[in-house]
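Asks: Pasting upload-v1.cif here (mmCIF, C-alpha atoms):
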data_coords
loop_
_atom_site.group_PDB
_atom_site.id
_atom_site.type_symbol
_atom_site.label_atom_id
_atom_site.label_comp_id
_atom_site.auth_asym_id
_atom_site.auth_seq_id
_atom_site.Cartn_x
_atom_site.Cartn_y
_atom_site.Cartn_z
ATOM 1 C CA MET A 23 120.371 101.226 68.907
ATOM 2 C CA LYS A 24 116.778 100.649 67.982
ATOM 3 C CA ARG A 25 113.848 100.810 70.286
ATOM 4 C CA GLU A 26 113.185 97.264 71.377
ATOM 5 C CA VAL A 27 110.042 95.576 70.237
ATOM 6 C CA SER A 28 110.497 91.855 70.348
ATOM 7 C CA TYR A 29 113.446 90.926 72.522
ATOM 8 C CA CYS A 30 113.282 90.951 76.278
ATOM 9 C CA ASN A 31 110.164 93.052 75.934
ATOM 10 C CA LEU A 32 106.903 92.585 74.123
ATOM 11 C CA PRO A 33 105.047 95.229 72.126
ATOM 12 C CA ASN A 34 102.702 97.551 73.949
ATOM 13 C CA ARG A 35 99.524 95.582 74.566
ATOM 14 C CA ILE A 36 97.389 98.620 75.072
ATOM 15 C CA GLY A 37 96.684 98.958 71.359
ATOM 16 C CA LYS A 38 96.312 102.728 71.463
ATOM 17 C CA LYS A 39 98.413 105.769 72.132
ATOM 18 C CA VAL A 40 98.037 106.957 75.691
ATOM 19 C CA ALA A 41 98.997 110.253 77.287
ATOM 20 C CA ASN A 42 102.347 110.646 79.039
ATOM 21 C CA LYS A 43 100.734 111.345 82.387
ATOM 22 C CA SER A 44 101.281 110.513 86.024
ATOM 23 C CA ARG A 45 99.919 107.104 87.005
ATOM 24 C CA LEU A 46 99.786 105.020 90.147
ATOM 25 C CA TYR A 47 100.118 101.253 89.858
ATOM 26 C CA LYS A 48 98.790 99.905 93.142
ATOM 27 C CA HIS A 49 100.340 96.713 94.404
ATOM 28 C CA LYS A 50 97.439 94.295 94.795
ATOM 29 C CA GLY A 51 99.494 91.851 96.850
ATOM 30 C CA ASN A 52 101.325 88.718 95.758
ATOM 31 C CA PHE A 53 103.523 90.740 93.383
ATOM 32 C CA THR A 54 100.733 91.818 91.084
ATOM 33 C CA TRP A 55 99.827 95.392 90.262
ATOM 34 C CA LYS A 56 96.558 97.002 89.223
ATOM 35 C CA GLY A 57 96.738 97.820 85.507
ATOM 36 C CA VAL A 58 99.845 95.697 84.880
ATOM 37 C CA LYS A 59 99.550 92.515 82.853
ATOM 38 C CA THR A 60 101.569 89.358 83.203
ATOM 39 C CA GLU A 61 103.482 88.751 79.976
ATOM 40 C CA LYS A 62 105.911 86.252 78.549
ATOM 41 C CA TYR A 63 109.599 86.845 79.256
ATOM 42 C CA LYS A 64 110.377 86.613 75.540
ATOM 43 C CA THR A 65 108.417 85.748 72.420
ATOM 44 C CA GLY A 66 110.766 82.932 71.389
ATOM 45 C CA ALA A 67 111.392 79.775 73.388
ATOM 46 C CA GLY A 68 114.420 77.575 73.900
ATOM 47 C CA ASP A 69 117.048 79.287 75.987
ATOM 48 C CA TRP A 70 114.988 80.192 79.031
ATOM 49 C CA ALA A 71 112.341 78.612 81.263
ATOM 50 C CA GLY A 72 109.762 79.506 83.890
ATOM 51 C CA ILE A 73 109.825 83.312 83.749
ATOM 52 C CA VAL A 74 107.089 85.914 83.526
ATOM 53 C CA ARG A 75 107.410 89.667 83.173
ATOM 54 C CA LYS A 76 105.300 92.567 84.361
ATOM 55 C CA VAL A 77 106.148 95.936 82.844
ATOM 56 C CA LEU A 78 105.678 98.551 85.570
ATOM 57 C CA ILE A 79 107.066 101.472 83.569
ATOM 58 C CA GLY A 80 107.404 101.360 79.780
ATOM 59 C CA ASN A 81 104.039 100.319 78.363
ATOM 60 C CA PHE A 82 102.181 103.597 78.779
ATOM 61 C CA ASN A 83 104.109 106.019 76.618
ATOM 62 C CA GLU A 84 106.130 107.368 79.517
ATOM 63 C CA SER A 85 108.857 109.785 78.426
ATOM 64 C CA THR A 86 111.357 108.615 81.006
ATOM 65 C CA LYS A 87 114.572 107.169 79.607
ATOM 66 C CA ILE A 88 114.135 103.918 81.478
ATOM 67 C CA HIS A 89 111.839 100.940 81.648
ATOM 68 C CA ILE A 90 111.123 99.078 84.867
ATOM 69 C CA ARG A 91 110.089 95.451 84.711
ATOM 70 C CA TYR A 92 109.261 92.947 87.442
ATOM 71 C CA PHE A 93 110.407 89.454 86.507
ATOM 72 C CA GLU A 94 109.522 86.322 88.389
ATOM 73 C CA ILE A 95 111.368 83.041 87.964
ATOM 74 C CA ALA A 96 109.626 79.887 89.156
ATOM 75 C CA SER A 97 111.542 77.153 90.961
ATOM 76 C CA GLY A 98 113.929 75.590 88.445
ATOM 77 C CA GLY A 99 113.572 78.416 85.926
ATOM 78 C CA TYR A 100 116.270 80.563 84.361
ATOM 79 C CA SER A 101 116.744 83.486 81.987
ATOM 80 C CA SER A 102 118.707 83.529 78.743
ATOM 81 C CA PHE A 103 122.473 83.509 79.135
ATOM 82 C CA GLU A 104 123.277 86.666 77.189
ATOM 83 C CA LYS A 105 125.162 89.918 76.887
ATOM 84 C CA HIS A 106 124.373 93.319 75.369
ATOM 85 C CA LYS A 107 125.658 96.871 75.285
ATOM 86 C CA HIS A 108 122.975 98.190 77.601
ATOM 87 C CA GLU A 109 123.235 97.987 81.354
ATOM 88 C CA HIS A 110 120.941 96.204 83.767
ATOM 89 C CA VAL A 111 120.104 97.040 87.333
ATOM 90 C CA VAL A 112 118.582 94.098 89.184
ATOM 91 C CA ILE A 113 116.992 94.470 92.631
ATOM 92 C CA GLY A 114 115.781 91.405 94.536
ATOM 93 C CA ILE A 115 112.202 91.784 95.713
ATOM 94 C CA ARG A 116 110.737 88.301 96.291
ATOM 95 C CA GLY A 117 112.461 85.173 97.592
ATOM 96 C CA LYS A 118 116.006 84.580 96.476
ATOM 97 C CA GLY A 119 117.820 83.572 93.322
ATOM 98 C CA LYS A 120 121.175 83.092 91.671
ATOM 99 C CA VAL A 121 122.951 85.343 89.207
ATOM 100 C CA LEU A 122 125.887 84.527 86.999
ATOM 101 C CA CYS A 123 127.535 87.842 86.131
ATOM 102 C CA ASP A 124 130.955 88.166 84.500
ATOM 103 C CA LYS A 125 131.936 84.633 85.559
ATOM 104 C CA LYS A 126 130.998 85.305 89.184
ATOM 105 C CA ASN A 127 128.091 83.642 90.944
ATOM 106 C CA TYR A 128 125.994 85.656 93.347
ATOM 107 C CA GLN A 129 122.971 84.928 95.458
ATOM 108 C CA LEU A 130 120.392 87.677 95.281
ATOM 109 C CA ASN A 131 118.181 88.256 98.328
ATOM 110 C CA PHE A 132 115.654 90.961 99.200
ATOM 111 C CA LEU A 133 116.891 94.423 98.145
ATOM 112 C CA ASP A 134 120.304 93.199 97.017
ATOM 113 C CA THR A 135 121.122 95.482 94.103
ATOM 114 C CA LEU A 136 123.275 94.319 91.195
ATOM 115 C CA TYR A 137 124.607 96.635 88.513
ATOM 116 C CA ILE A 138 125.442 94.661 85.369
ATOM 117 C CA ALA A 139 127.835 96.712 83.242
ATOM 118 C CA PRO A 140 127.733 96.811 79.399
ATOM 119 C CA ASN A 141 128.718 93.651 77.533
ATOM 120 C CA THR A 142 128.773 91.511 80.657
ATOM 121 C CA PRO A 143 127.609 87.905 80.165
ATOM 122 C CA HIS A 144 124.841 87.221 82.680
ATOM 123 C CA GLN A 145 122.063 84.820 83.551
ATOM 124 C CA LEU A 146 119.579 84.627 86.417
ATOM 125 C CA GLY A 147 118.163 81.414 87.796
ATOM 126 C CA ASN A 148 116.086 80.020 90.612
ATOM 127 C CA PRO A 149 117.358 76.738 92.089
ATOM 128 C CA PHE A 150 115.211 77.312 95.190
ATOM 129 C CA GLN A 151 111.661 76.233 96.029
ATOM 130 C CA ASP A 152 109.942 79.604 96.273
ATOM 131 C CA PRO A 153 109.477 82.074 93.416
ATOM 132 C CA PHE A 154 112.328 84.514 92.808
ATOM 133 C CA GLY A 155 111.119 87.993 91.881
ATOM 134 C CA PHE A 156 113.211 91.017 90.996
ATOM 135 C CA LEU A 157 113.005 94.460 89.456
ATOM 136 C CA CYS A 158 115.082 94.874 86.312
ATOM 137 C CA ILE A 159 115.691 98.450 85.257
ATOM 138 C CA VAL A 160 117.032 99.231 81.788
ATOM 139 C CA ASN A 161 117.440 102.111 79.386
ATOM 140 C CA ALA A 162 114.293 102.549 77.290
ATOM 141 C CA ARG A 163 116.414 102.566 74.112
ATOM 142 C CA ARG A 164 118.656 99.544 74.098
ATOM 143 C CA ASP A 165 120.344 97.060 71.845
ATOM 144 C CA LYS A 166 119.339 93.491 71.140
ATOM 145 C CA PRO A 167 120.947 90.865 73.403
ATOM 146 C CA LYS A 168 123.349 88.292 72.014
ATOM 147 C CA ILE A 169 122.506 84.833 73.220
ATOM 148 C CA LEU A 170 125.532 82.971 74.563
ATOM 149 C CA THR A 171 126.226 79.293 75.166
ATOM 150 C CA LYS A 172 123.940 78.114 77.902
ATOM 151 C CA PHE A 173 125.453 76.948 81.145
ATOM 152 C CA LYS A 174 122.228 75.293 82.161
ATOM 153 C CA MET B 26 119.826 120.004 80.790
ATOM 154 C CA LYS B 27 122.960 119.908 82.900
ATOM 155 C CA ARG B 28 124.152 116.982 84.915
ATOM 156 C CA GLU B 29 122.971 117.602 88.425
ATOM 157 C CA VAL B 30 125.496 118.210 91.110
ATOM 158 C CA SER B 31 123.891 120.060 93.958
ATOM 159 C CA TYR B 32 120.130 119.629 93.780
ATOM 160 C CA CYS B 33 118.368 116.464 94.829
ATOM 161 C CA ASN B 34 121.725 114.727 94.565
ATOM 162 C CA LEU B 35 125.080 115.327 96.145
ATOM 163 C CA PRO B 36 128.461 115.162 94.416
ATOM 164 C CA ASN B 37 130.159 111.812 94.152
ATOM 165 C CA ARG B 38 131.704 111.161 97.549
ATOM 166 C CA ILE B 39 134.161 108.619 96.264
ATOM 167 C CA GLY B 40 136.697 111.289 95.360
ATOM 168 C CA LYS B 41 138.213 109.304 92.507
ATOM 169 C CA LYS B 42 137.174 108.002 89.126
ATOM 170 C CA VAL B 43 136.081 104.388 89.299
ATOM 171 C CA ALA B 44 135.608 101.834 86.529
ATOM 172 C CA ASN B 45 132.186 101.309 84.974
ATOM 173 C CA LYS B 46 132.010 97.720 86.108
ATOM 174 C CA SER B 47 129.454 95.311 87.494
ATOM 175 C CA ARG B 48 128.922 95.655 91.229
ATOM 176 C CA LEU B 49 126.730 94.035 93.841
ATOM 177 C CA TYR B 50 125.381 96.127 96.677
ATOM 178 C CA LYS B 51 124.339 93.650 99.343
ATOM 179 C CA HIS B 52 121.401 94.620 101.502
ATOM 180 C CA LYS B 53 122.724 94.480 105.068
ATOM 181 C CA GLY B 54 119.236 94.624 106.563
ATOM 182 C CA ASN B 55 117.294 97.597 107.913
ATOM 183 C CA PHE B 56 117.426 99.302 104.497
ATOM 184 C CA THR B 57 121.170 99.777 104.442
ATOM 185 C CA TRP B 58 123.501 98.476 101.735
ATOM 186 C CA LYS B 59 127.143 97.513 101.808
ATOM 187 C CA GLY B 60 129.157 100.216 100.051
ATOM 188 C CA VAL B 61 126.303 102.737 100.037
ATOM 189 C CA LYS B 62 126.531 105.795 102.264
ATOM 190 C CA THR B 63 123.708 107.666 103.924
ATOM 191 C CA GLU B 64 123.639 111.232 102.588
ATOM 192 C CA LYS B 65 121.601 114.372 103.031
ATOM 193 C CA TYR B 66 118.501 114.716 100.870
ATOM 194 C CA LYS B 67 119.684 118.125 99.664
ATOM 195 C CA THR B 68 122.528 120.447 100.559
ATOM 196 C CA GLY B 69 120.239 123.378 101.364
ATOM 197 C CA ALA B 70 117.692 123.449 104.158
ATOM 198 C CA GLY B 71 114.311 125.075 104.567
ATOM 199 C CA ASP B 72 111.718 123.390 102.390
ATOM 200 C CA TRP B 73 112.111 119.780 103.518
ATOM 201 C CA ALA B 74 112.573 117.823 106.734
ATOM 202 C CA GLY B 75 113.576 114.407 108.015
ATOM 203 C CA ILE B 76 114.858 112.761 104.831
ATOM 204 C CA VAL B 77 118.002 110.834 104.016
ATOM 205 C CA ARG B 78 119.177 109.459 100.669
ATOM 206 C CA LYS B 79 121.203 106.425 99.695
ATOM 207 C CA VAL B 80 122.404 106.370 96.110
ATOM 208 C CA LEU B 81 122.255 102.754 94.929
ATOM 209 C CA ILE B 82 123.128 103.483 91.305
ATOM 210 C CA GLY B 83 124.744 106.752 90.220
ATOM 211 C CA ASN B 84 127.804 107.292 92.399
ATOM 212 C CA PHE B 85 130.153 104.800 90.766
ATOM 213 C CA ASN B 86 130.517 106.070 87.225
ATOM 214 C CA GLU B 87 127.872 103.713 85.877
ATOM 215 C CA SER B 88 127.044 104.374 82.219
ATOM 216 C CA THR B 89 123.353 103.631 82.584
ATOM 217 C CA LYS B 90 121.022 106.516 81.765
ATOM 218 C CA ILE B 91 119.360 106.372 85.154
ATOM 219 C CA HIS B 92 120.119 106.857 88.792
ATOM 220 C CA ILE B 93 118.441 104.870 91.547
ATOM 221 C CA ARG B 94 118.172 106.350 94.979
ATOM 222 C CA TYR B 95 116.600 105.032 98.189
ATOM 223 C CA PHE B 96 115.018 107.809 100.233
ATOM 224 C CA GLU B 97 113.731 107.443 103.735
ATOM 225 C CA ILE B 98 111.411 109.934 105.385
ATOM 226 C CA ALA B 99 111.146 109.871 109.163
ATOM 227 C CA SER B 100 107.818 110.310 110.902
ATOM 228 C CA GLY B 101 106.675 113.896 110.316
ATOM 229 C CA GLY B 102 109.166 114.498 107.502
ATOM 230 C CA TYR B 103 108.515 115.664 103.968
ATOM 231 C CA SER B 104 110.302 116.393 100.692
ATOM 232 C CA SER B 105 110.396 119.694 98.802
ATOM 233 C CA PHE B 106 107.202 120.620 97.012
ATOM 234 C CA GLU B 107 108.576 120.990 93.507
ATOM 235 C CA LYS B 108 108.313 120.337 89.801
ATOM 236 C CA HIS B 109 110.817 119.720 87.013
ATOM 237 C CA LYS B 110 111.007 118.536 83.423
ATOM 238 C CA HIS B 111 112.400 115.126 84.322
ATOM 239 C CA GLU B 112 110.230 112.221 85.359
ATOM 240 C CA HIS B 113 110.231 110.336 88.627
ATOM 241 C CA VAL B 114 109.359 106.756 89.315
ATOM 242 C CA VAL B 115 108.664 106.122 92.987
ATOM 243 C CA ILE B 116 108.313 102.600 94.405
ATOM 244 C CA GLY B 117 107.292 102.084 98.034
ATOM 245 C CA ILE B 118 109.681 99.751 99.870
ATOM 246 C CA ARG B 119 109.411 100.447 103.609
ATOM 247 C CA GLY B 120 106.350 101.411 105.642
ATOM 248 C CA LYS B 121 103.893 103.776 104.024
ATOM 249 C CA GLY B 122 103.712 107.418 103.086
ATOM 250 C CA LYS B 123 101.725 110.101 101.356
ATOM 251 C CA VAL B 124 102.297 111.649 97.943
ATOM 252 C CA LEU B 125 100.799 114.808 96.540
ATOM 253 C CA CYS B 126 101.027 114.510 92.761
ATOM 254 C CA ASP B 127 99.245 116.801 90.320
ATOM 255 C CA LYS B 128 96.752 117.925 92.994
ATOM 256 C CA LYS B 129 95.900 114.327 93.895
ATOM 257 C CA ASN B 130 96.771 112.704 97.187
ATOM 258 C CA TYR B 131 97.882 109.087 97.243
ATOM 259 C CA GLN B 132 98.987 106.711 99.938
ATOM 260 C CA LEU B 133 102.023 104.725 98.945
ATOM 261 C CA ASN B 134 102.430 101.232 100.403
ATOM 262 C CA PHE B 135 104.895 98.423 99.712
ATOM 263 C CA LEU B 136 105.581 98.089 95.960
ATOM 264 C CA ASP B 137 103.036 100.692 94.933
ATOM 265 C CA THR B 138 104.619 102.287 91.871
ATOM 266 C CA LEU B 139 103.988 105.907 90.958
ATOM 267 C CA TYR B 140 105.049 107.461 87.669
ATOM 268 C CA ILE B 141 105.332 111.229 88.030
ATOM 269 C CA ALA B 142 105.184 112.801 84.574
ATOM 270 C CA PRO B 143 107.251 115.859 83.528
ATOM 271 C CA ASN B 144 106.366 119.211 85.115
ATOM 272 C CA THR B 145 104.039 117.673 87.667
ATOM 273 C CA PRO B 146 104.026 119.392 91.073
ATOM 274 C CA HIS B 147 104.725 116.747 93.707
ATOM 275 C CA GLN B 148 105.707 116.235 97.321
ATOM 276 C CA LEU B 149 106.164 113.169 99.503
ATOM 277 C CA GLY B 150 105.531 113.067 103.221
ATOM 278 C CA ASN B 151 105.308 110.746 106.173
ATOM 279 C CA PRO B 152 102.478 111.493 108.603
ATOM 280 C CA PHE B 153 102.791 107.972 110.046
ATOM 281 C CA GLN B 154 104.828 106.645 112.972
ATOM 282 C CA ASP B 155 107.186 104.289 111.141
ATOM 283 C CA PRO B 156 109.827 105.317 108.579
ATOM 284 C CA PHE B 157 108.669 105.608 104.963
ATOM 285 C CA GLY B 158 111.246 104.311 102.478
ATOM 286 C CA PHE B 159 111.029 104.324 98.712
ATOM 287 C CA LEU B 160 113.104 103.904 95.598
ATOM 288 C CA CYS B 161 113.174 106.968 93.364
ATOM 289 C CA ILE B 162 114.397 106.358 89.836
ATOM 290 C CA VAL B 163 115.350 109.267 87.609
ATOM 291 C CA ASN B 164 117.193 110.015 84.398
ATOM 292 C CA ALA B 165 120.908 110.483 85.075
ATOM 293 C CA ARG B 166 120.843 113.770 83.142
ATOM 294 C CA ARG B 167 118.076 115.940 84.474
ATOM 295 C CA ASP B 168 117.042 119.515 85.062
ATOM 296 C CA LYS B 169 117.028 121.449 88.297
ATOM 297 C CA PRO B 170 113.742 121.335 90.243
ATOM 298 C CA LYS B 171 111.676 124.471 90.756
ATOM 299 C CA ILE B 172 110.603 124.834 94.343
ATOM 300 C CA LEU B 173 106.888 125.605 94.673
ATOM 301 C CA THR B 174 104.828 127.080 97.473
ATOM 302 C CA LYS B 175 104.890 124.671 100.343
ATOM 303 C CA PHE B 176 101.665 123.078 101.400
ATOM 304 C CA LYS B 177 103.139 121.933 104.663
#
Please rewrite the model in this file as C-alpha cells.
Replies:
Amino acid sequence: MKREVSYCNLPNRIGKKVANKSRLYKHKGNFTWKGVKTEKYKTGAGDWAGIVRKVLIGNFNESTKIHIRYFEIASGGYSSFEKHKHEHVVIGIRGKGKVLCDKKNYQLNFLDTLYIAPNTPHQLGNPFQDPFGFLCIVNARRDKPKILTKFK
Amino acid sequence: MKREVSYCNLPNRIGKKVANKSRLYKHKGNFTWKGVKTEKYKTGAGDWAGIVRKVLIGNFNESTKIHIRYFEIASGGYSSFEKHKHEHVVIGIRGKGKVLCDKKNYQLNFLDTLYIAPNTPHQLGNPFQDPFGFLCIVNARRDKPKILTKFK
C-alpha cells in the first residue's frame, strides 16, 4: 500500500513541512473549523457529485496512523461507488443520508456509526433536502479504491 | 508496543471471536448506541473520577488500525493526568469540557477537534453542570500511559 496522494484525498495544501505537534481545530459553527480548508472530494470528476471534504486530521504531518475527514454531501449528491482493502468508519454528524454497504441500504442519522469492512462495495448519498455531513475515519496508509459500476 | 488490554481500554466483553465484517451501530439517542456497552474508563481507581467509556470501534475484531471510543465525563469528573507515545484525537460531541494539553488549557465544545501529539501530558475534565462527551480516536496498537502528578 502506498501513501495516498490523489485518490479520496488531495495533497497537503500547506506547502511546507510542519511540526508533529498538538493542535486545536475550533469548530466555527456550520460545520467549518478554524485552520481547515474546504477541498474537493476527489481530483477527477464523473462518478460522484456534490461532495466537499475537510481534512481534520491528516494534513499537518500528524504521526497518528489515521486520518479524519469531514465530508458533506449536498442534496442529490453521492460518493463514488467503490471498494478497497482499507476500512472506513463513518459517523453521521449533520442531517441524514443513505449508505449502500455490502448490498444493504442504511439510513445514517446523527451519531450512527458504520464500520465498513475491507473490500466491501459502498456508496453514500443524500436524497434529502438538507446537507448530509459525516466523519470518515481511515488508516493513514491505504490502498487506492476500485471504482465499481454506479447504481446512481 | 503491546496491544492494550488493561489500561485505558478493557478486554473484549464479547467473549468470542467475531467476524471482521461491516456493522452499523445505531445511535439510540442520549449518546447510547445499539450493541455498544457502557464500560469503566479504567480498571484501576484513584487518579480519575466520573468517566464512562463506550467502545464504538475496537471490540468486534475490526481490522482497522484505530479504535474509536466515546467517553463521557460527569460534572466534576476528570481523566488521568498522563502521557504516552501514542497520539489522541479528541472531538467534542456532548456539552463542553476542559482539556489540559502541553501546559495549555482549552475549552472543548461541540465538534472542536484536538490533536494530542505523542508524549504530551494531558488531562480532560468537566467543571460544568452538564455531561461532557467526546470521541477519542487512537491507534489500535498503542503503548501504556504513564500517570503523571495530578493537578486536580
Asks: Need to verify the contact set: range 55-61 of chain B, 7 Å, all atoms listed in the file, exclusion of same-chain residues closer than 4 positions in sequence. Can you return it as a PDB file with C-alpha atoms, in the coordinates of the input?
Replies:
ATOM      1  CA  TYR B  50     125.381  96.127  96.677  1.00  0.00           C
ATOM      2  CA  LYS B  51     124.339  93.650  99.343  1.00  0.00           C
ATOM      3  CA  LYS B  79     121.203 106.425  99.695  1.00  0.00           C
ATOM      4  CA  VAL B  80     122.404 106.370  96.110  1.00  0.00           C
ATOM      5  CA  LEU B  81     122.255 102.754  94.929  1.00  0.00           C
TER       6      LEU B  81
END
Asks: Just so the selection is clear, what residues does the PyMOL selection byres ((chain B) within 10 of (chain A)) cover here, as number ranges by chain?
Replies: B: 44-54, 56-59, 81-82, 87-93, 111-118, 126-127, 131-143, 145, 162-166
Asks: Enter the distance from CA of Asp155 in chain B to CA of Ala99 in chain B, in Å, rounded to one decimal.
Replies: 7.1 Å
Asks: Can you work out the spacing between CA of Phe153 in chain B and CA of Arg91 in chain A in Å, to one decimal?
Replies: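 Calculated distance between CA of Phe153 in chain B and CA of Arg91 in chain A is 29.2 Å.
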Asks: Please determine, counting all atoms listed in the file, which residue among A:Arg75, A:Lys62, A:Lys125, A:Lys39 has the shortest atom-to-atom distance to Glu94 in chain A.
Replies: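 Using all atoms listed in the file, Glu94 in chain A sits closest to A:Arg75.
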Asks: Please indicate the distance in Å from CA of Phe159 in chain B to CA of Ile98 in chain B, rounded to one decimal place.
Replies: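 We find that CA of Phe159 in chain B and CA of Ile98 in chain B lie 8.7 Å from each other.
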Asks: Care to translate the PyMOL selection byres ((chain A and resi 70) around 8) into actual residues of this file, as a list in words?
Replies: Ala67, Gly68, Asp69, Ala71, Gly72, Ile73, Gly99, Tyr100, Ser101 and Ser102 of chain A
Asks: Please work out which residues fall within 6 Å of (103.1, 124.4, 93.0), coordinates as given in the file, with all atoms listed in the file counting, and return them as a PyMOL selection string.
Replies: chain B and resi 146+173-174
Asks: Please produce a file of the residues just selected, as a compact mmCIF listing (two decimals), in the coordinates of the input, where the atoms kept are C-alpha atoms.
Replies:
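After the write, again35.txt holds the following:
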# COMPACT_ATOMS: atom_id res chain seq x y z
CA PRO B 146 104.03 119.39 91.07
CA LEU B 173 106.89 125.60 94.67
CA THR B 174 104.83 127.08 97.47
Asks: Go through A:Lys59, A:Lys126, A:Lys166, A:His144 and flag the residue nearest Asn81 in chain A, using only C-alpha atoms for the distances.
Replies: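 So, comparing all the options, the nearest one is A:Lys59.
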Asks: Take every atom of range 163-171 of chain A listed in the file, pad by 4 Å on each side, and give me the axis-aligned box centre and edge lengths in Å, one decimal, as JSON.
Replies:
{"center_x": 121.3, "center_y": 90.9, "center_z": 73.2, "size_x": 17.8, "size_y": 31.3, "size_z": 12.0}
Asks: Which polymer residues have any atom within 6 Å of an atom of Asn151 in chain B, counting only C-alpha atoms, with same-chain residues fewer than 6 positions away left out, as a list of chain:residue names?
Replies: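 Near neighbours after the sequence-gap exclusion: B:Ser100, B:Gly101, B:Gly102, B:Gly122.
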Asks: Would you list the contacts of Lys171 in chain B as a PyMOL selection string, taking every protein, DNA or RNA residue within 9 Å and counting all atoms listed in the file, but skipping same-chain residues closer than 3 positions in sequence?
Replies: chain B and resi 106-109
